[in-house]
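Data from target28.csv: CSV, C-alpha atoms and all ligand atoms
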```csv
chain,number,residue,atom,x,y,z
A,1,MET,CA,-18.5,-27.1,4.5
A,2,GLN,CA,-21.6,-25.7,6.1
A,3,HIS,CA,-25.0,-26.2,4.6
A,4,VAL,CA,-27.7,-24.0,6.0
A,5,SER,CA,-31.0,-23.8,4.4
A,6,ARG,CA,-32.0,-20.3,3.3
A,7,GLU,CA,-34.8,-18.9,1.4
A,8,ALA,CA,-34.0,-19.5,-2.3
A,9,ARG,CA,-34.1,-16.2,-4.1
A,10,THR,CA,-32.9,-14.5,-7.3
A,11,ILE,CA,-30.5,-11.7,-6.5
A,12,VAL,CA,-30.8,-8.9,-9.0
A,13,VAL,CA,-27.4,-7.3,-9.8
A,14,GLY,CA,-27.4,-3.8,-11.1
A,15,THR,CA,-24.6,-2.6,-13.4
A,16,ARG,CA,-23.7,0.1,-15.8
A,17,GLN,CA,-23.7,-1.1,-19.4
A,18,SER,CA,-20.1,-0.3,-20.3
A,19,ALA,CA,-17.9,-3.3,-21.3
A,20,LEU,CA,-15.8,-2.8,-18.2
A,21,ALA,CA,-18.8,-2.6,-15.8
A,22,LEU,CA,-20.4,-5.7,-17.4
A,23,THR,CA,-17.1,-7.6,-17.3
A,24,GLN,CA,-16.4,-6.9,-13.6
A,25,THR,CA,-20.0,-7.5,-12.7
A,26,GLY,CA,-19.8,-10.9,-14.5
A,27,HIS,CA,-16.6,-11.8,-12.5
A,28,VAL,CA,-18.3,-10.9,-9.2
A,29,ILE,CA,-21.4,-12.9,-10.0
A,30,GLU,CA,-19.3,-15.9,-10.9
A,31,ALA,CA,-17.5,-15.6,-7.5
A,32,LEU,CA,-20.8,-15.2,-5.7
A,33,ARG,CA,-22.3,-18.1,-7.5
A,34,GLN,CA,-19.5,-20.4,-6.3
A,35,ILE,CA,-19.7,-19.1,-2.7
A,36,SER,CA,-23.5,-19.5,-2.8
A,37,GLU,CA,-23.1,-23.1,-4.0
A,38,ALA,CA,-20.3,-24.0,-1.5
A,39,HIS,CA,-22.3,-22.6,1.4
A,40,GLY,CA,-25.7,-23.9,0.4
A,41,PHE,CA,-27.4,-20.5,-0.1
A,42,GLY,CA,-29.2,-21.6,-3.2
A,43,TYR,CA,-29.2,-18.1,-4.7
A,44,GLU,CA,-29.7,-17.4,-8.4
A,45,PHE,CA,-28.4,-14.2,-10.1
A,46,GLU,CA,-29.8,-11.9,-12.7
A,47,ILE,CA,-28.2,-8.8,-14.3
A,48,ARG,CA,-30.1,-5.5,-14.7
A,49,LYS,CA,-28.4,-2.8,-16.8
A,50,ILE,CA,-28.8,0.8,-15.7
A,51,VAL,CA,-27.8,4.0,-17.6
A,52,THR,CA,-26.2,6.6,-15.4
A,53,LYS,CA,-25.7,10.4,-15.9
A,54,GLY,CA,-22.0,9.8,-16.4
A,55,ASP,CA,-22.8,7.4,-19.2
A,56,ARG,CA,-25.1,9.9,-20.9
A,57,ILE,CA,-22.6,12.9,-20.8
A,58,LEU,CA,-19.6,11.6,-22.7
A,59,ASP,CA,-18.6,14.7,-24.5
A,60,VAL,CA,-17.7,16.9,-21.4
A,61,THR,CA,-14.7,16.6,-19.2
A,62,LEU,CA,-16.0,14.9,-16.1
A,63,SER,CA,-14.5,17.4,-13.7
A,64,LYS,CA,-16.6,20.1,-15.4
A,65,VAL,CA,-19.9,18.4,-14.7
A,66,GLY,CA,-19.3,17.8,-11.1
A,67,GLY,CA,-17.9,14.2,-11.3
A,68,LYS,CA,-18.8,13.1,-7.8
A,69,GLY,CA,-21.1,10.1,-7.9
A,70,LEU,CA,-22.0,10.7,-11.5
A,71,PHE,CA,-21.8,7.0,-12.2
A,72,VAL,CA,-23.6,5.7,-9.1
A,73,LYS,CA,-26.7,7.9,-8.3
A,74,GLU,CA,-29.2,6.0,-10.4
A,75,ILE,CA,-27.8,2.7,-9.3
A,76,GLU,CA,-28.1,3.7,-5.6
A,77,GLN,CA,-31.7,4.8,-6.2
A,78,ALA,CA,-32.5,1.4,-7.8
A,79,LEU,CA,-31.0,-0.3,-4.7
A,80,LEU,CA,-33.1,1.9,-2.3
A,81,ASP,CA,-36.2,1.2,-4.4
A,82,GLY,CA,-35.6,-2.6,-4.2
A,83,GLU,CA,-35.3,-2.9,-8.0
A,84,ILE,CA,-31.8,-4.4,-7.6
A,85,ASP,CA,-30.2,-6.1,-4.6
A,86,LEU,CA,-26.5,-5.4,-5.2
A,87,ALA,CA,-24.3,-3.3,-7.4
A,88,VAL,CA,-20.7,-3.7,-8.3
A,89,HIS,CA,-18.7,-0.5,-8.5
A,90,SER,CA,-15.2,0.4,-9.3
A,91,MET,CA,-14.1,1.6,-5.9
A,92,LYS,CA,-12.7,4.8,-7.3
A,93,ASP,CA,-16.0,5.8,-8.7
A,94,MET,CA,-17.8,5.3,-5.4
A,95,PRO,CA,-18.5,8.5,-3.4
A,96,SER,CA,-17.0,8.6,0.0
A,97,GLU,CA,-20.4,8.9,1.7
A,98,LEU,CA,-23.1,6.3,0.9
A,99,PRO,CA,-26.8,7.2,1.3
A,100,GLU,CA,-28.7,6.3,4.4
A,101,GLY,CA,-29.8,2.6,4.2
A,102,LEU,CA,-27.0,1.5,1.9
A,103,MET,CA,-23.6,0.0,2.7
A,104,ASN,CA,-20.5,-1.4,1.1
A,105,GLY,CA,-21.1,-5.1,1.7
A,106,ALA,CA,-17.7,-6.4,0.3
A,107,VAL,CA,-14.4,-5.2,-0.9
A,108,PRO,CA,-13.0,-8.1,-3.0
A,109,LYS,CA,-9.2,-8.5,-3.3
A,110,ARG,CA,-7.6,-5.7,-5.1
A,111,VAL,CA,-5.8,-6.1,-8.4
A,112,ASP,CA,-2.8,-3.9,-9.6
A,113,PRO,CA,-3.6,-0.4,-8.4
A,114,ARG,CA,-1.1,1.4,-10.7
A,115,ASP,CA,-1.7,3.5,-13.7
A,116,CYS,CA,-0.1,2.3,-16.9
A,117,VAL,CA,0.8,3.8,-20.3
A,118,ILE,CA,0.0,2.6,-23.7
A,119,THR,CA,2.4,4.4,-26.0
A,120,ARG,CA,2.6,4.6,-29.8
A,121,GLY,CA,5.0,1.8,-30.8
A,122,GLY,CA,5.3,0.6,-27.2
A,123,VAL,CA,8.2,2.9,-26.2
A,124,PRO,CA,8.7,3.2,-22.4
A,125,LEU,CA,7.4,6.3,-20.6
A,126,GLU,CA,10.9,7.7,-20.0
A,127,GLU,CA,11.8,7.5,-23.7
A,128,LEU,CA,8.8,9.5,-25.0
A,129,PRO,CA,10.1,12.5,-27.1
A,130,THR,CA,10.1,16.1,-25.8
A,131,GLY,CA,6.7,17.6,-26.1
A,132,ALA,CA,5.0,14.2,-26.4
A,133,ALA,CA,1.2,14.4,-26.5
A,134,ILE,CA,-0.3,12.4,-23.6
A,135,GLY,CA,-4.0,11.6,-23.5
A,136,THR,CA,-5.7,11.6,-20.1
A,137,SER,CA,-8.8,13.4,-18.7
A,138,SER,CA,-7.7,12.8,-15.1
A,139,LEU,CA,-6.5,15.9,-13.3
A,140,ARG,CA,-4.5,13.6,-11.0
A,141,ARG,CA,-2.6,12.0,-13.8
A,142,ALA,CA,-2.2,15.3,-15.7
A,143,SER,CA,-0.8,17.1,-12.6
A,144,GLN,CA,1.7,14.3,-11.7
A,145,LEU,CA,2.8,13.7,-15.3
A,146,LYS,CA,3.5,17.5,-15.7
A,147,ALA,CA,5.5,17.4,-12.6
A,148,TYR,CA,7.5,14.5,-13.9
A,149,ARG,CA,7.9,15.9,-17.4
A,150,PRO,CA,6.9,19.6,-17.7
A,151,ASP,CA,7.4,19.3,-21.5
A,152,PHE,CA,4.5,16.8,-21.9
A,153,ASP,CA,1.5,18.1,-23.8
A,154,ILE,CA,-1.5,16.8,-21.8
A,155,ARG,CA,-4.6,16.3,-23.9
A,156,SER,CA,-8.1,15.6,-22.5
A,157,ILE,CA,-9.6,12.4,-23.7
A,158,ARG,CA,-12.7,10.6,-22.4
A,159,GLY,CA,-14.7,7.6,-23.2
A,160,ASN,CA,-14.6,3.9,-22.4
A,161,ILE,CA,-11.3,2.1,-22.3
A,162,ASP,CA,-11.5,0.8,-25.9
A,163,SER,CA,-12.4,4.3,-27.3
A,164,ARG,CA,-9.5,5.8,-25.4
A,165,ILE,CA,-7.2,3.3,-26.8
A,166,ARG,CA,-8.5,4.1,-30.3
A,167,LYS,CA,-7.8,7.8,-29.7
A,168,LEU,CA,-4.1,7.0,-29.4
A,169,GLU,CA,-4.2,6.6,-33.2
A,170,THR,CA,-7.1,8.8,-34.2
A,171,GLU,CA,-6.0,11.8,-32.2
A,172,GLY,CA,-2.3,11.5,-33.0
A,173,LEU,CA,-1.2,11.0,-29.4
A,174,ASP,CA,2.1,9.6,-28.3
A,175,ALA,CA,0.7,7.9,-25.2
A,176,ILE,CA,-2.4,7.5,-23.1
A,177,VAL,CA,-2.4,6.8,-19.4
A,178,LEU,CA,-5.1,4.6,-17.8
A,179,ALA,CA,-5.7,2.3,-14.9
A,180,THR,CA,-3.9,-1.1,-15.2
A,181,ALA,CA,-6.9,-2.7,-13.4
A,182,GLY,CA,-9.4,-1.8,-16.2
A,183,LEU,CA,-7.2,-3.4,-18.8
A,184,LEU,CA,-6.6,-6.5,-16.6
A,185,ARG,CA,-10.3,-7.0,-16.1
A,186,MET,CA,-11.0,-6.7,-19.8
A,187,GLY,CA,-8.2,-9.2,-20.6
A,188,TRP,CA,-6.3,-6.5,-22.6
A,189,GLU,CA,-3.1,-6.5,-20.5
A,190,ASP,CA,-1.0,-7.2,-23.6
A,191,ARG,CA,-1.8,-3.6,-24.7
A,192,ILE,CA,0.1,-2.2,-21.8
A,193,SER,CA,3.5,-0.7,-22.7
A,194,SER,CA,4.6,-0.2,-19.1
A,195,PRO,CA,3.2,0.3,-15.7
A,196,VAL,CA,3.7,3.8,-14.2
A,197,ASP,CA,5.6,3.8,-10.9
A,198,PRO,CA,3.5,5.1,-8.1
A,199,ASP,CA,6.4,7.4,-7.2
A,200,ILE,CA,5.7,9.2,-10.5
A,201,CYS,CA,1.9,8.9,-10.5
A,202,LEU,CA,0.2,8.0,-7.3
A,203,PRO,CA,-3.0,6.1,-8.1
A,204,ALA,CA,-6.5,7.3,-7.5
A,205,VAL,CA,-8.1,6.4,-4.1
A,206,GLY,CA,-9.5,2.9,-4.4
A,207,GLN,CA,-8.0,2.2,-7.8
A,208,GLY,CA,-7.9,-1.5,-8.7
A,209,ALA,CA,-10.5,-2.3,-6.0
A,210,LEU,CA,-14.2,-3.0,-6.4
A,211,GLY,CA,-17.0,-2.1,-3.9
A,212,ILE,CA,-20.2,-4.1,-3.7
A,213,GLU,CA,-23.1,-2.0,-2.5
A,214,CYS,CA,-26.2,-3.4,-0.9
A,215,ARG,CA,-29.0,-2.5,1.4
A,216,GLU,CA,-28.2,-2.5,5.1
A,217,SER,CA,-31.4,-4.3,5.8
A,218,ASP,CA,-30.7,-7.2,3.4
A,219,SER,CA,-29.2,-9.8,5.8
A,220,GLY,CA,-29.2,-12.5,3.1
A,221,VAL,CA,-27.1,-10.5,0.7
A,222,ARG,CA,-24.9,-9.2,3.5
A,223,GLU,CA,-24.1,-12.7,4.6
A,224,LEU,CA,-23.2,-13.7,1.1
A,225,LEU,CA,-21.1,-10.6,0.4
A,226,ALA,CA,-19.1,-11.0,3.7
A,227,LEU,CA,-17.6,-14.2,2.3
A,228,LEU,CA,-16.2,-12.2,-0.7
A,229,ASP,CA,-14.6,-9.5,1.4
A,230,ASP,CA,-10.8,-9.3,1.5
A,231,ALA,CA,-9.8,-7.8,4.9
A,232,ASP,CA,-6.4,-6.4,3.7
A,233,THR,CA,-8.0,-4.6,0.7
A,234,ALA,CA,-10.9,-3.3,2.9
A,235,LEU,CA,-8.4,-1.8,5.4
A,236,ALA,CA,-6.3,-0.2,2.7
A,237,VAL,CA,-9.3,1.2,0.9
A,238,ALA,CA,-10.8,2.5,4.2
A,239,ALA,CA,-7.6,4.5,4.9
A,240,GLU,CA,-7.5,5.9,1.3
A,241,ARG,CA,-11.2,6.8,1.4
A,242,THR,CA,-11.0,8.5,4.8
A,243,PHE,CA,-8.1,10.5,3.4
A,244,LEU,CA,-10.2,11.6,0.4
A,245,GLY,CA,-13.2,12.4,2.5
A,246,ALA,CA,-11.1,14.5,4.9
A,247,LEU,CA,-9.8,16.6,2.0
A,248,ASN,CA,-13.3,16.8,0.6
A,249,GLY,CA,-11.9,15.5,-2.7
A,250,GLY,CA,-13.9,14.6,-5.7
A,251,CYS,CA,-12.3,14.2,-9.1
A,252,GLN,CA,-12.2,18.0,-9.4
A,253,ILE,CA,-8.8,18.1,-7.7
A,254,PRO,CA,-5.6,16.3,-8.4
A,255,ILE,CA,-5.5,13.9,-5.5
A,256,GLY,CA,-4.2,10.5,-5.1
A,257,ALA,CA,-3.6,7.9,-2.4
A,258,HIS,CA,-2.3,4.4,-1.9
A,259,ALA,CA,-2.2,2.3,1.2
A,260,VAL,CA,-0.4,-1.1,1.6
A,261,ILE,CA,-0.2,-3.5,4.4
A,262,THR,CA,3.4,-3.2,5.7
A,263,GLY,CA,3.3,-5.4,8.8
A,264,ARG,CA,1.3,-7.6,11.2
A,265,SER,CA,1.3,-7.4,15.0
A,266,GLU,CA,-0.9,-8.4,17.9
A,267,HIS,CA,-2.6,-5.0,17.4
A,268,GLY,CA,-3.6,-6.0,13.9
A,269,SER,CA,-2.3,-5.1,10.5
A,270,GLU,CA,0.0,-2.2,10.0
A,271,LEU,CA,-0.8,0.1,7.1
A,272,THR,CA,1.3,2.6,5.2
A,273,LEU,CA,-0.6,5.3,3.5
A,274,THR,CA,0.8,7.8,0.9
A,275,GLY,CA,-1.4,10.7,0.0
A,276,MET,CA,-0.9,13.4,-2.6
A,277,VAL,CA,-2.4,16.7,-3.6
A,278,GLY,CA,-1.1,18.6,-6.6
A,279,SER,CA,-1.8,21.7,-8.5
A,280,PRO,CA,-3.4,21.1,-11.9
A,281,ASP,CA,-0.3,22.3,-13.8
A,282,GLY,CA,2.0,20.1,-11.7
A,283,SER,CA,4.1,23.0,-10.4
A,284,THR,CA,3.2,21.9,-6.9
A,285,ILE,CA,3.0,18.3,-5.7
A,286,LEU,CA,2.5,17.7,-2.0
A,287,LYS,CA,3.0,14.2,-0.6
A,288,GLU,CA,2.9,12.6,2.9
A,289,ILE,CA,3.5,9.1,4.1
A,290,ARG,CA,2.4,7.7,7.5
A,291,THR,CA,2.1,4.3,9.1
A,292,GLY,CA,-0.5,3.1,11.6
A,293,THR,CA,-3.0,0.4,12.4
A,294,ASP,CA,-6.3,2.3,12.4
A,295,PRO,CA,-7.3,3.1,8.8
A,296,GLN,CA,-9.5,6.0,9.8
A,297,ALA,CA,-6.9,7.7,12.0
A,298,LEU,CA,-4.3,7.1,9.3
A,299,GLY,CA,-6.4,8.7,6.6
A,300,LEU,CA,-7.1,11.7,8.8
A,301,GLU,CA,-3.4,12.0,9.8
A,302,VAL,CA,-2.2,12.1,6.2
A,303,ALA,CA,-4.9,14.6,5.2
A,304,GLN,CA,-3.9,16.8,8.2
A,305,ALA,CA,-0.2,16.6,7.3
A,306,LEU,CA,-1.0,17.7,3.7
A,307,ARG,CA,-3.1,20.6,5.0
A,308,ALA,CA,-0.1,21.6,7.2
A,309,GLN,CA,2.0,21.5,4.0
A,310,GLY,CA,-0.3,23.9,2.1
A,311,ALA,CA,-2.9,21.5,0.5
A,312,ASP,CA,-5.5,24.0,1.7
A,313,ARG,CA,-4.2,26.6,-0.7
A,314,ILE,CA,-4.5,24.3,-3.6
A,315,LEU,CA,-8.0,23.2,-2.6
A,316,ALA,CA,-9.1,26.8,-2.1
A,317,GLU,CA,-7.8,27.8,-5.5
A,318,LEU,CA,-9.8,25.0,-7.0
A,319,GLY,CA,-12.9,26.0,-5.1
A,320,SER,CA,-13.1,22.8,-3.1
B,1,LIG,N1,-12.0,6.7,-14.3
B,1,LIG,C1,-12.8,5.6,-14.9
B,1,LIG,C2,-12.5,4.3,-14.3
B,1,LIG,N2,-13.1,3.8,-13.2
B,1,LIG,C3,-12.6,2.5,-12.9
B,1,LIG,C4,-11.6,2.2,-13.9
B,1,LIG,C5,-10.9,1.0,-13.9
B,1,LIG,C6,-9.9,0.8,-12.9
B,1,LIG,C7,-10.3,0.5,-11.5
B,1,LIG,O1,-11.2,-0.3,-11.3
B,1,LIG,O2,-9.7,1.0,-10.6
B,1,LIG,C8,-11.6,3.3,-14.8
B,1,LIG,C9,-10.7,3.4,-16.0
B,1,LIG,C10,-9.4,4.2,-15.9
B,1,LIG,O3,-9.2,5.0,-15.0
B,1,LIG,O4,-8.6,4.0,-16.8
```

Is it possible to give me this structure as structure tokens?
Ligand SMILES: NCc1[nH]cc(CCC(=O)O)c1CC(=O)O
Amino acid sequence: MQHVSREARTIVVGTRQSALALTQTGHVIEALRQISEAHGFGYEFEIRKIVTKGDRILDVTLSKVGGKGLFVKEIEQALLDGEIDLAVHSMKDMPSELPEGLMNGAVPKRVDPRDCVITRGGVPLEELPTGAAIGTSSLRRASQLKAYRPDFDIRSIRGNIDSRIRKLETEGLDAIVLATAGLLRMGWEDRISSPVDPDICLPAVGQGALGIECRESDSGVRELLALLDDADTALAVAAERTFLGALNGGCQIPIGAHAVITGRSEHGSELTLTGMVGSPDGSTILKEIRTGTDPQALGLEVAQALRAQGADRILAELGS
């Protein structure tokens, strides 16, 4: 163990005030506290809650208010202004381009990236009755679930995880679909009826991963964050995010991607990336799978392959 004396300082951690954001920020601070102690950084941590536009507009489907960056803009401004020193984001809510002067300082190890269903009475997805009402506000989930079961009646629901779970009862739904990761982090995994196979519903880019944003100029925080970075997750997420960026995708289009490490060689880790673009009604689902060692090249290659298959038409129809 290496003990280096550093300037003791209190690191201010910005977070949204949703239960999920507070919980995952708490987990990250706990991990950073341990690293700080083990390496003799002598850092203290303090939480600052920030209300974002996405938190204020809860009654409109996100895709209609221009979802991109809706949950991060105010937080990034606070970072740039020096009001906070780092911010924990769900990777899938992070825009693919960060503002000048900010960077992603760490990508901690990813948890389960899959979607899951919570069904009334716990029935498995494949046993849901004809015409079952499924709650989700994600175009990606809606598109893929319609492709899987055209009879499903997709209903838009929004809100925090707990309010979406309540809507299963209060809005008479048969099932809701949400990210396994959110439930895991809240300690609510016992509510999950079953995971949804990525072959049925490819997850969102970055789902299950966190990103920790900091100032490029803050070497102290960067040094600390580097010790929390998980190289495999960072590679996978880089491939998925390059793919998303190459298709100009926000959450206004049904788009999904998932990368996994499928091998190791002297050239580094080998990644396999699956990318998907669908029409909102699920009548078209385009998918491509490629393997490679360079995450950026791989992301671009899968995006290119999807364009060649006709993804451009879907994107153009959706005005992206
Ligand atoms: N869309 C909102 C959102 N952003 C991050 C998560 C939690 C999962 C994660 O960190 O990937 C969720 C909830 C959900 O999609 O059900």

| query | Which chains and residue numbers are within 7 Å of ligand LIG 1 (chain B), counting all atoms listed in the file, if I want them as a PyMOL selection string? | reply | chain A and resi 90-93+113+161+178-182+206-210

Next, write the just-selected residues to a file, as an mmCIF file, in the frame of the given file, keeping C-alpha atoms as the atom set.
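Listing of again_2.cif after writing:
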```cif
data_model
loop_
_atom_site.group_PDB
_atom_site.id
_atom_site.type_symbol
_atom_site.label_atom_id
_atom_site.label_comp_id
_atom_site.auth_asym_id
_atom_site.auth_seq_id
_atom_site.Cartn_x
_atom_site.Cartn_y
_atom_site.Cartn_z
ATOM 1 C CA SER A 90 -15.200 0.400 -9.300
ATOM 2 C CA MET A 91 -14.100 1.600 -5.900
ATOM 3 C CA LYS A 92 -12.700 4.800 -7.300
ATOM 4 C CA ASP A 93 -16.000 5.800 -8.700
ATOM 5 C CA PRO A 113 -3.600 -0.400 -8.400
ATOM 6 C CA ILE A 161 -11.300 2.100 -22.300
ATOM 7 C CA LEU A 178 -5.100 4.600 -17.800
ATOM 8 C CA ALA A 179 -5.700 2.300 -14.900
ATOM 9 C CA THR A 180 -3.900 -1.100 -15.200
ATOM 10 C CA ALA A 181 -6.900 -2.700 -13.400
ATOM 11 C CA GLY A 182 -9.400 -1.800 -16.200
ATOM 12 C CA GLY A 206 -9.500 2.900 -4.400
ATOM 13 C CA GLN A 207 -8.000 2.200 -7.800
ATOM 14 C CA GLY A 208 -7.900 -1.500 -8.700
ATOM 15 C CA ALA A 209 -10.500 -2.300 -6.000
ATOM 16 C CA LEU A 210 -14.200 -3.000 -6.400
#
```

| request: Considering only C-alpha atoms, state which residue in the set A:Gly105, A:Gly220, A:Gly121, A:Pro203 is at the smallest distance from Glu7 of chain A. | output: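 Using only C-alpha atoms, the shortest distance to Glu7 of chain A belongs to A:Gly220.
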
| field | Selection: 12 Å around segment 31-40 of chain A, only C-alpha atoms, excl. self and same-chain fewer than 6 positions, as a PyMOL selection string | value | chain A and resi 1-11+13+24-25+46+86+88+106+108-109+212+220-229

Those same residues - C-alpha atoms - I'd like them written as a PDB file, keeping the file's coordinate frame.
```pdb
ATOM      1  CA  MET A   1     -18.500 -27.100   4.500  1.00  0.00           C
ATOM      2  CA  GLN A   2     -21.600 -25.700   6.100  1.00  0.00           C
ATOM      3  CA  HIS A   3     -25.000 -26.200   4.600  1.00  0.00           C
ATOM      4  CA  VAL A   4     -27.700 -24.000   6.000  1.00  0.00           C
ATOM      5  CA  SER A   5     -31.000 -23.800   4.400  1.00  0.00           C
ATOM      6  CA  ARG A   6     -32.000 -20.300   3.300  1.00  0.00           C
ATOM      7  CA  GLU A   7     -34.800 -18.900   1.400  1.00  0.00           C
ATOM      8  CA  ALA A   8     -34.000 -19.500  -2.300  1.00  0.00           C
ATOM      9  CA  ARG A   9     -34.100 -16.200  -4.100  1.00  0.00           C
ATOM     10  CA  THR A  10     -32.900 -14.500  -7.300  1.00  0.00           C
ATOM     11  CA  ILE A  11     -30.500 -11.700  -6.500  1.00  0.00           C
ATOM     12  CA  VAL A  13     -27.400  -7.300  -9.800  1.00  0.00           C
ATOM     13  CA  GLN A  24     -16.400  -6.900 -13.600  1.00  0.00           C
ATOM     14  CA  THR A  25     -20.000  -7.500 -12.700  1.00  0.00           C
ATOM     15  CA  GLU A  46     -29.800 -11.900 -12.700  1.00  0.00           C
ATOM     16  CA  LEU A  86     -26.500  -5.400  -5.200  1.00  0.00           C
ATOM     17  CA  VAL A  88     -20.700  -3.700  -8.300  1.00  0.00           C
ATOM     18  CA  ALA A 106     -17.700  -6.400   0.300  1.00  0.00           C
ATOM     19  CA  PRO A 108     -13.000  -8.100  -3.000  1.00  0.00           C
ATOM     20  CA  LYS A 109      -9.200  -8.500  -3.300  1.00  0.00           C
ATOM     21  CA  ILE A 212     -20.200  -4.100  -3.700  1.00  0.00           C
ATOM     22  CA  GLY A 220     -29.200 -12.500   3.100  1.00  0.00           C
ATOM     23  CA  VAL A 221     -27.100 -10.500   0.700  1.00  0.00           C
ATOM     24  CA  ARG A 222     -24.900  -9.200   3.500  1.00  0.00           C
ATOM     25  CA  GLU A 223     -24.100 -12.700   4.600  1.00  0.00           C
ATOM     26  CA  LEU A 224     -23.200 -13.700   1.100  1.00  0.00           C
ATOM     27  CA  LEU A 225     -21.100 -10.600   0.400  1.00  0.00           C
ATOM     28  CA  ALA A 226     -19.100 -11.000   3.700  1.00  0.00           C
ATOM     29  CA  LEU A 227     -17.600 -14.200   2.300  1.00  0.00           C
ATOM     30  CA  LEU A 228     -16.200 -12.200  -0.700  1.00  0.00           C
ATOM     31  CA  ASP A 229     -14.600  -9.500   1.400  1.00  0.00           C
TER      32      ASP A 229
END
```

| Point-to-point distance from atom CA of Gly278 of chain A to atom CA of Ile255 of chain A, Å rounded to tenths |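 These atoms are spaced 6.5 Å apart.
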
| task | Take the point (-3.0, 3.6, -24.7) in the file's coordinates, draw a sphere of radius 10 Å around it, and report as a PyMOL selection string every protein, DNA or RNA residue with an atom inside or on it, counting all atoms listed in the file. | result | chain A and resi 116-120+122+134-136+161-169+173-178+191-193

| request: Could you please determine the separation between atom CA of Thr293 of chain A and atom CA of Ser96 of chain A in Å, to one decimal place? | output: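 Separation between atom CA of Thr293 of chain A and atom CA of Ser96 of chain A: 20.4 Å.
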
| field | Between atom CA of Ala257 of chain A and atom CA of Ala133 of chain A, distance in Å (one decimal) | value |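 So the two atoms, atom CA of Ala257 of chain A and atom CA of Ala133 of chain A, lie 25.4 Å apart.
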
| field | Residue among A:Asp112, A:Glu83, A:Asp281, A:Glu240 lying closest to Gly299 of chain A, counting all atoms listed in the file | value | A:Glu240

| So which residues touch Gly319 of chain A within 10 Å, counting only C-alpha atoms, skipping near sequence neighbours fewer than 6 positions away, as number ranges by chain? | A: 252-253, 313

| Hey, what's within 12 Å of Met94 of chain A if we count only C-alpha atoms and toss same-chain stuff fewer than 6 positions away? As JSON, numbers by chain, please? | {"A": [67, 68, 69, 70, 71, 72, 73, 75, 76, 87, 88, 103, 104, 107, 204, 205, 206, 207, 209, 210, 211, 212, 213, 237, 241, 244, 245, 250, 251]}

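When all atoms listed in the file are used to measure the gap to Arg264 of chain A, the shortest distance among A:Trp188, A:Gly292, A:Arg48, A:Ala238 belongs to A:Gly292.
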
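Shortest atom-to-atom contact with Gly26 of chain A among A:Ile314, A:Arg185, A:Lys146, A:Gln77: A:Arg185, counting all atoms listed in the file.
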
Each side padded by 5 Å, which centre and which edge lengths in Å (one decimal) define the axis-aligned box around the listed atoms of segment 254-261 of chain A? Give them as AutoDock Vina command-line options.
```
--center_x -2.9 --center_y 6.4 --center_z -2.0 --size_x 15.4 --size_y 29.8 --size_z 22.8
```

| field | Proximity to Ser18 of chain A - best of A:Pro124, A:Gly172, A:Pro254, A:Gly159, all atoms listed in the file | value | A:Gly159

Coordinates of segment 272-305 of chain A, C-alpha atoms, as a compact mmCIF listing (two decimals), in the first residue's frame:
```txt
# COMPACT_ATOMS: atom_id res chain seq x y z
CA THR A 272 -18.37 -8.13 -29.51
CA LEU A 273 -20.89 -5.35 -30.11
CA THR A 274 -24.53 -5.81 -31.05
CA GLY A 275 -26.39 -2.74 -32.25
CA MET A 276 -30.08 -2.27 -33.01
CA VAL A 277 -32.28 0.35 -34.63
CA GLY A 278 -36.02 -0.22 -34.83
CA SER A 279 -39.13 1.51 -36.04
CA PRO A 280 -41.32 2.76 -33.18
CA ASP A 281 -44.10 0.29 -34.04
CA GLY A 282 -41.68 -2.63 -34.08
CA SER A 283 -42.46 -3.52 -37.71
CA THR A 284 -38.75 -3.15 -38.53
CA ILE A 285 -35.90 -4.23 -36.29
CA LEU A 286 -32.40 -3.95 -37.73
CA LYS A 287 -29.50 -5.61 -35.92
CA GLU A 288 -25.80 -6.04 -36.56
CA ILE A 289 -23.09 -7.86 -34.61
CA ARG A 290 -19.34 -7.30 -35.06
CA THR A 291 -16.18 -8.26 -33.20
CA GLY A 292 -13.00 -6.22 -32.83
CA THR A 293 -10.39 -4.84 -30.46
CA ASP A 294 -10.77 -1.09 -31.03
CA PRO A 295 -13.99 0.12 -29.36
CA GLN A 296 -14.28 3.26 -31.50
CA ALA A 297 -13.72 1.41 -34.77
CA LEU A 298 -16.19 -1.25 -33.66
CA GLY A 299 -18.89 1.27 -32.77
CA LEU A 300 -18.50 2.99 -36.13
CA GLU A 301 -18.51 -0.33 -37.98
CA VAL A 302 -21.78 -1.49 -36.42
CA ALA A 303 -23.38 1.91 -37.07
CA GLN A 304 -22.18 1.77 -40.69
CA ALA A 305 -23.53 -1.76 -41.13
```
